[in-house]
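Report on the structure given below.
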2 protein chains.
Amino acid sequence: MIKPFTSKISTPDGRLTPHHNHIQRTLSTMKGQYADQPAYQAMLAQGDQLIYEVYENRLAEIPGELQHGTSIVHPGKVGNEYFMTKGHFHNVLETAEVYYCLQGVGYMMMETPEGEWAAEELAPGVVLYVPPRWAHRSINVGRQDLVTFFIYPGDAGHDYGTIETRGFRKIIVEQDGQPLVMDNPAWLE
Amino acid sequence: MIKPFTSKISTPDGRLTPHHNHIQRTLSTMKGQYADQPAYQAMLAQGDQLIYEVYENRLAEIPGELQHGTSIVHPGKVGNEYFMTKGHFHNVLETAEVYYCLQGVGYMMMETPEGEWAAEELAPGVVLYVPPRWAHRSINVGRQDLVTFFIYPGDAGHDYGTIETRGFRKIIVEQDGQPLVMDNPAWLE
């Protein structure tokens, strides 16, 4: 049986100390995810830039435990599409996730297997409930890091493959200096 | 199927807006919980003071959902024992809880049915993992409100009765201006 333990989230960088795992996702791991492929290739040719990071505490993968950590999406764009996470469904589809936004501004893009979609705004102090069945991706539309604290059931797991294959139905791009939700031209039904 | 939704936590008061439920616990609801009974009675005779508040979003009571909200323990003491929450086990004992401290300073007092205990310090930025099986109570040892954000599995439920009947093994009192963990003289084995 494990004992209670604490970590600390530092601001403004969102680092969780101590942590069990630190994930760094660079541009090359996001192949096929951005709508503007020429812009993606051109950016990648200049270097494999860091897009987002996750610090996590890993607990037993059983229902009563709670996985948790911080997500830091750095600011930037690929073409006119904002930096974002890969996004995923949970392997156990009927599991929720809670996000608490600590810093920055952005959106959580979400969709269900049945075709519903939703985009909720993230700003410091916002608590977002991602219900069971909703895939989710964080998108940073600001100039600072977008930092969130996340919690999900121990057994939920990640299904990245579905999104990698077909993308999200909607993307968020910058138009006239403002974020705009639009249909994903690359979405595969 | 529910849709994604957001609430916002305001600072420094810890109010969650909107919320499904607002709980206010006054001194009279804490009968038998403070070690110094004459001090408790004397304080109660002067008025039924507000000790702590909870703002919560209530989701379906099934494992894949996540109950969440904020807890605000006001500053104060009953005799030399700091203001605290009632404390509880989860009805489904094998369920964890995550706390993120937003403001104030305090402790989470925890214990298991098997007799282990632990007290972890809470301060802004601290993430606390309360593993399955650990009863937990927030204690405010500072002069401001102690504000935490909490998340636990949808089906966990609350068992307040066990703690109401026998108390926690340890209490935290002020001694020479400092918090001191000591044996609970009123604890029933």
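Going through the structure tokens in order, the chains are called A, B, and so on, while each chain numbers its residues from 1 and the ligands are numbered from 1 in the order shown.
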Using only C-alpha atoms, which residues sit within 6 Å of Gly167 (chain A) once same-chain residues fewer than 3 positions away are excluded, as a short mmCIF file (atom, residue, chain, number, x, y, z; two decimals) with all heavy atoms, in the first residue's frame?
```
data_model
loop_
_atom_site.label_atom_id
_atom_site.label_comp_id
_atom_site.auth_asym_id
_atom_site.auth_seq_id
_atom_site.Cartn_x
_atom_site.Cartn_y
_atom_site.Cartn_z
N ILE A 163 -6.87 9.57 -32.95
CA ILE A 163 -6.67 10.96 -33.36
C ILE A 163 -5.52 11.07 -34.37
O ILE A 163 -5.62 11.82 -35.35
CB ILE A 163 -6.40 11.85 -32.12
CG1 ILE A 163 -7.62 11.87 -31.18
CG2 ILE A 163 -6.01 13.26 -32.55
CD1 ILE A 163 -8.90 12.43 -31.78
N GLU A 164 -4.45 10.32 -34.15
CA GLU A 164 -3.32 10.36 -35.10
C GLU A 164 -3.78 9.98 -36.50
O GLU A 164 -3.31 10.52 -37.50
CB GLU A 164 -2.20 9.42 -34.64
CG GLU A 164 -1.27 10.06 -33.61
CD GLU A 164 -0.24 9.09 -33.04
OE1 GLU A 164 -0.33 7.87 -33.32
OE2 GLU A 164 0.63 9.56 -32.30
N TRP A 187 -9.50 16.21 -41.93
CA TRP A 187 -10.21 15.23 -41.10
C TRP A 187 -10.70 14.05 -41.93
O TRP A 187 -11.27 14.21 -43.02
CB TRP A 187 -11.39 15.87 -40.38
CG TRP A 187 -12.09 14.93 -39.45
CD1 TRP A 187 -11.58 14.38 -38.32
CD2 TRP A 187 -13.41 14.39 -39.60
NE1 TRP A 187 -12.50 13.55 -37.72
CE2 TRP A 187 -13.63 13.54 -38.49
CE3 TRP A 187 -14.43 14.56 -40.54
CZ2 TRP A 187 -14.83 12.84 -38.31
CZ3 TRP A 187 -15.62 13.88 -40.35
CH2 TRP A 187 -15.81 13.02 -39.26
#
```
Exercise. DSSP says strand (DSSP E) for which residues of region 19-146 of chain B? Put them as a PyMOL selection string?
Worked result: chain B and resi 21-26+50-57+66-73+77-78+81-82+97-103+106-111+117-122+126-130+135-140+146
For this session: Dump as a PyMOL selection string the residues of chain A that approach chain B to within 9 Å, counting only C-alpha atoms.
Result: chain A and resi 1-11+16+63-66+68+92-98+110+118-122+124-134+151-153+156
Store the residues of this selection in a file with C-alpha atoms, as a CSV table (one decimal), in the first residue's frame.
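What follows is the written file result.csv:
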```
chain,number,residue,atom,x,y,z
A,1,MET,CA,0.0,0.0,0.0
A,2,ILE,CA,1.4,3.4,-0.9
A,3,LYS,CA,1.7,6.3,1.5
A,4,PRO,CA,0.4,9.9,1.0
A,5,PHE,CA,2.9,12.1,-0.9
A,6,THR,CA,3.2,15.6,-2.2
A,7,SER,CA,4.6,17.3,-5.2
A,8,LYS,CA,4.8,21.0,-5.9
A,9,ILE,CA,3.8,22.9,-9.1
A,10,SER,CA,6.2,25.8,-9.7
A,11,THR,CA,5.0,28.9,-11.6
A,16,LEU,CA,6.0,19.4,-11.0
A,63,PRO,CA,-10.0,2.5,-11.2
A,64,GLY,CA,-9.6,3.8,-7.6
A,65,GLU,CA,-6.3,5.6,-8.2
A,66,LEU,CA,-5.9,9.0,-9.8
A,68,HIS,CA,-2.2,13.4,-12.3
A,92,VAL,CA,-11.3,3.1,-21.1
A,93,LEU,CA,-13.7,5.4,-23.0
A,94,GLU,CA,-16.1,5.8,-20.1
A,95,THR,CA,-13.6,7.8,-18.0
A,96,ALA,CA,-13.6,11.6,-17.4
A,97,GLU,CA,-10.7,14.1,-16.8
A,98,VAL,CA,-10.5,17.3,-14.8
A,110,MET,CA,-13.1,18.0,-27.6
A,118,ALA,CA,-17.0,21.3,-28.1
A,119,ALA,CA,-14.2,23.9,-27.5
A,120,GLU,CA,-13.9,25.4,-24.0
A,121,GLU,CA,-11.8,28.4,-23.2
A,122,LEU,CA,-8.9,28.0,-20.7
A,124,PRO,CA,-6.2,31.0,-15.1
A,125,GLY,CA,-8.7,29.8,-12.5
A,126,VAL,CA,-10.8,27.8,-14.9
A,127,VAL,CA,-11.8,24.2,-14.0
A,128,LEU,CA,-12.8,22.2,-17.0
A,129,TYR,CA,-14.8,18.9,-16.8
A,130,VAL,CA,-14.1,16.6,-19.7
A,131,PRO,CA,-16.8,14.0,-19.4
A,132,PRO,CA,-16.4,10.3,-20.2
A,133,ARG,CA,-16.2,9.6,-24.0
A,134,TRP,CA,-14.8,13.0,-25.0
A,151,ILE,CA,-6.4,14.4,-13.0
A,152,TYR,CA,-8.0,11.3,-14.5
A,153,PRO,CA,-8.9,7.8,-13.3
A,156,ALA,CA,-8.2,5.3,-18.1
```
Exercise. Among region 139-180 of chain A, which residues carry a DSSP assignment of alpha helix (DSSP H), reported as a list in words?
Worked result: Gly161, Thr162, Ile163, Glu164, Thr165 and Arg166 of chain A
Problem set entry | region 22-34 of chain A surroundings by only C-alpha atoms, 6 Å radius, close-in-sequence under 5 positions cut, as a ChimeraX atom specification | /A:48-55
Exercise. Could you work out how far CA of Val78 (chain A) lies from CA of Pro38 (chain A), giving the answer in Å with one decimal?
Worked result: 9.5 Å
For this session: Select, from A:Ile139, A:Met109, A:Ala35, A:Val181, the residue with the minimum atom-to-atom distance to Gly76 (chain A), counting only C-alpha atoms.
Result: A:Ile139
Exercise. Which one is closest to Pro179 (chain B): B:Asn80, B:Thr148, B:Gln46, B:Thr165? Count only C-alpha atoms.
Worked result: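 Checking each of B:Asn80, B:Thr148, B:Gln46, B:Thr165 against Pro179 (chain B), counting only C-alpha atoms, the winner is B:Asn80.
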Exercise. Between CA of Asp159 (chain B) and CA of Lys77 (chain B), what is the spacing in Å?
Worked result: 24.7 Å
For this session: One decimal, Å: what's the distance from CA of Pro12 (chain A) over to CA of Arg137 (chain A), could you say?
Result: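 Taking CA of Pro12 (chain A) as the start and CA of Arg137 (chain A) as the end point, the length is 21.0 Å.
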Problem set entry | Exercise: Asp13 (chain A) partners within 9 Å, only C-alpha atoms, chain neighbours under 4 positions left out, as a PyMOL selection string | chain A and resi 9+72+103+145+147
How would the residues just chosen look if you wrote them out with all heavy atoms as a JSON list (two decimals), in the first residue's frame?
```json
[["chain", "number", "residue", "atom", "x", "y", "z"],
["A", 9, "ILE", "N", 3.86, 22.34, -7.71],
["A", 9, "ILE", "CA", 3.83, 22.93, -9.05],
["A", 9, "ILE", "C", 4.47, 24.31, -8.97],
["A", 9, "ILE", "O", 4.00, 25.17, -8.21],
["A", 9, "ILE", "CB", 2.40, 23.06, -9.60],
["A", 9, "ILE", "CG1", 1.69, 21.70, -9.62],
["A", 9, "ILE", "CG2", 2.42, 23.69, -11.00],
["A", 9, "ILE", "CD1", 0.22, 21.76, -10.02],
["A", 72, "ILE", "N", 2.25, 21.53, -20.16],
["A", 72, "ILE", "CA", 2.74, 22.85, -20.55],
["A", 72, "ILE", "C", 2.81, 22.90, -22.07],
["A", 72, "ILE", "O", 3.64, 22.23, -22.67],
["A", 72, "ILE", "CB", 4.15, 23.14, -19.97],
["A", 72, "ILE", "CG1", 4.11, 23.05, -18.45],
["A", 72, "ILE", "CG2", 4.67, 24.49, -20.44],
["A", 72, "ILE", "CD1", 4.80, 21.82, -17.88],
["A", 103, "GLN", "N", -2.10, 28.86, -15.91],
["A", 103, "GLN", "CA", -1.48, 30.00, -16.59],
["A", 103, "GLN", "C", -1.73, 29.95, -18.09],
["A", 103, "GLN", "O", -1.84, 28.87, -18.67],
["A", 103, "GLN", "CB", 0.03, 29.99, -16.37],
["A", 103, "GLN", "CG", 0.65, 31.30, -16.83],
["A", 103, "GLN", "CD", 2.15, 31.21, -16.91],
["A", 103, "GLN", "OE1", 2.81, 31.36, -15.91],
["A", 103, "GLN", "NE2", 2.67, 30.97, -18.10],
["A", 145, "ASP", "N", 3.29, 30.32, -22.00],
["A", 145, "ASP", "CA", 2.97, 28.91, -21.87],
["A", 145, "ASP", "C", 1.51, 28.75, -21.40],
["A", 145, "ASP", "O", 1.03, 29.55, -20.59],
["A", 145, "ASP", "CB", 3.87, 28.24, -20.81],
["A", 145, "ASP", "CG", 5.30, 28.03, -21.31],
["A", 145, "ASP", "OD1", 5.54, 28.12, -22.53],
["A", 145, "ASP", "OD2", 6.17, 27.77, -20.46],
["A", 147, "VAL", "N", -0.46, 26.44, -19.12],
["A", 147, "VAL", "CA", -0.16, 25.45, -18.07],
["A", 147, "VAL", "C", -1.46, 24.97, -17.42],
["A", 147, "VAL", "O", -2.26, 25.78, -16.95],
["A", 147, "VAL", "CB", 0.76, 26.04, -16.99],
["A", 147, "VAL", "CG1", 1.06, 24.99, -15.90],
["A", 147, "VAL", "CG2", 2.06, 26.56, -17.60]]
```
For this session: Please provide as JSON, numbers by chain all residues within 10 Å of Leu180 (chain B), with the sequence filter that same-chain residues fewer than 4 positions apart are discarded (counting only C-alpha atoms).
Result: {"B": [81, 141, 171, 172, 173, 174, 175, 176]}
Using the selection just defined, write its residues with N, CA, C and O atoms as a PDB file, in the first residue's frame.
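File again_30.pdb, as written:
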```
ATOM      1  N   GLU B  81      -6.824  24.039  19.484  1.00  0.00           N
ATOM      2  CA  GLU B  81      -6.882  23.139  18.316  1.00  0.00           C
ATOM      3  C   GLU B  81      -7.426  23.905  17.099  1.00  0.00           C
ATOM      4  O   GLU B  81      -8.483  24.535  17.165  1.00  0.00           O
ATOM      5  N   VAL B 141      -3.735  25.973   9.819  1.00  0.00           N
ATOM      6  CA  VAL B 141      -2.858  26.446  10.905  1.00  0.00           C
ATOM      7  C   VAL B 141      -2.423  27.896  10.689  1.00  0.00           C
ATOM      8  O   VAL B 141      -1.586  28.409  11.433  1.00  0.00           O
ATOM      9  N   ILE B 171      -4.148  14.856  16.506  1.00  0.00           N
ATOM     10  CA  ILE B 171      -4.739  16.181  16.314  1.00  0.00           C
ATOM     11  C   ILE B 171      -3.597  17.190  16.173  1.00  0.00           C
ATOM     12  O   ILE B 171      -2.429  16.860  16.454  1.00  0.00           O
ATOM     13  N   ILE B 172      -3.923  18.396  15.715  1.00  0.00           N
ATOM     14  CA  ILE B 172      -2.901  19.442  15.606  1.00  0.00           C
ATOM     15  C   ILE B 172      -3.341  20.643  16.433  1.00  0.00           C
ATOM     16  O   ILE B 172      -4.431  21.187  16.226  1.00  0.00           O
ATOM     17  N   VAL B 173      -2.496  20.998  17.375  1.00  0.00           N
ATOM     18  CA  VAL B 173      -2.789  22.124  18.274  1.00  0.00           C
ATOM     19  C   VAL B 173      -1.680  23.168  18.139  1.00  0.00           C
ATOM     20  O   VAL B 173      -0.595  22.894  17.621  1.00  0.00           O
ATOM     21  N   GLU B 174      -2.006  24.383  18.599  1.00  0.00           N
ATOM     22  CA  GLU B 174      -0.986  25.424  18.625  1.00  0.00           C
ATOM     23  C   GLU B 174      -0.256  25.367  19.958  1.00  0.00           C
ATOM     24  O   GLU B 174      -0.895  25.342  21.024  1.00  0.00           O
ATOM     25  N   GLN B 175       1.078  25.314  19.894  1.00  0.00           N
ATOM     26  CA  GLN B 175       1.878  25.356  21.117  1.00  0.00           C
ATOM     27  C   GLN B 175       3.036  26.321  20.877  1.00  0.00           C
ATOM     28  O   GLN B 175       3.776  26.161  19.898  1.00  0.00           O
ATOM     29  N   ASP B 176       3.181  27.289  21.743  1.00  0.00           N
ATOM     30  CA  ASP B 176       4.209  28.339  21.579  1.00  0.00           C
ATOM     31  C   ASP B 176       4.133  28.956  20.180  1.00  0.00           C
ATOM     32  O   ASP B 176       5.159  29.189  19.537  1.00  0.00           O
TER      33      ASP B 176
END
```
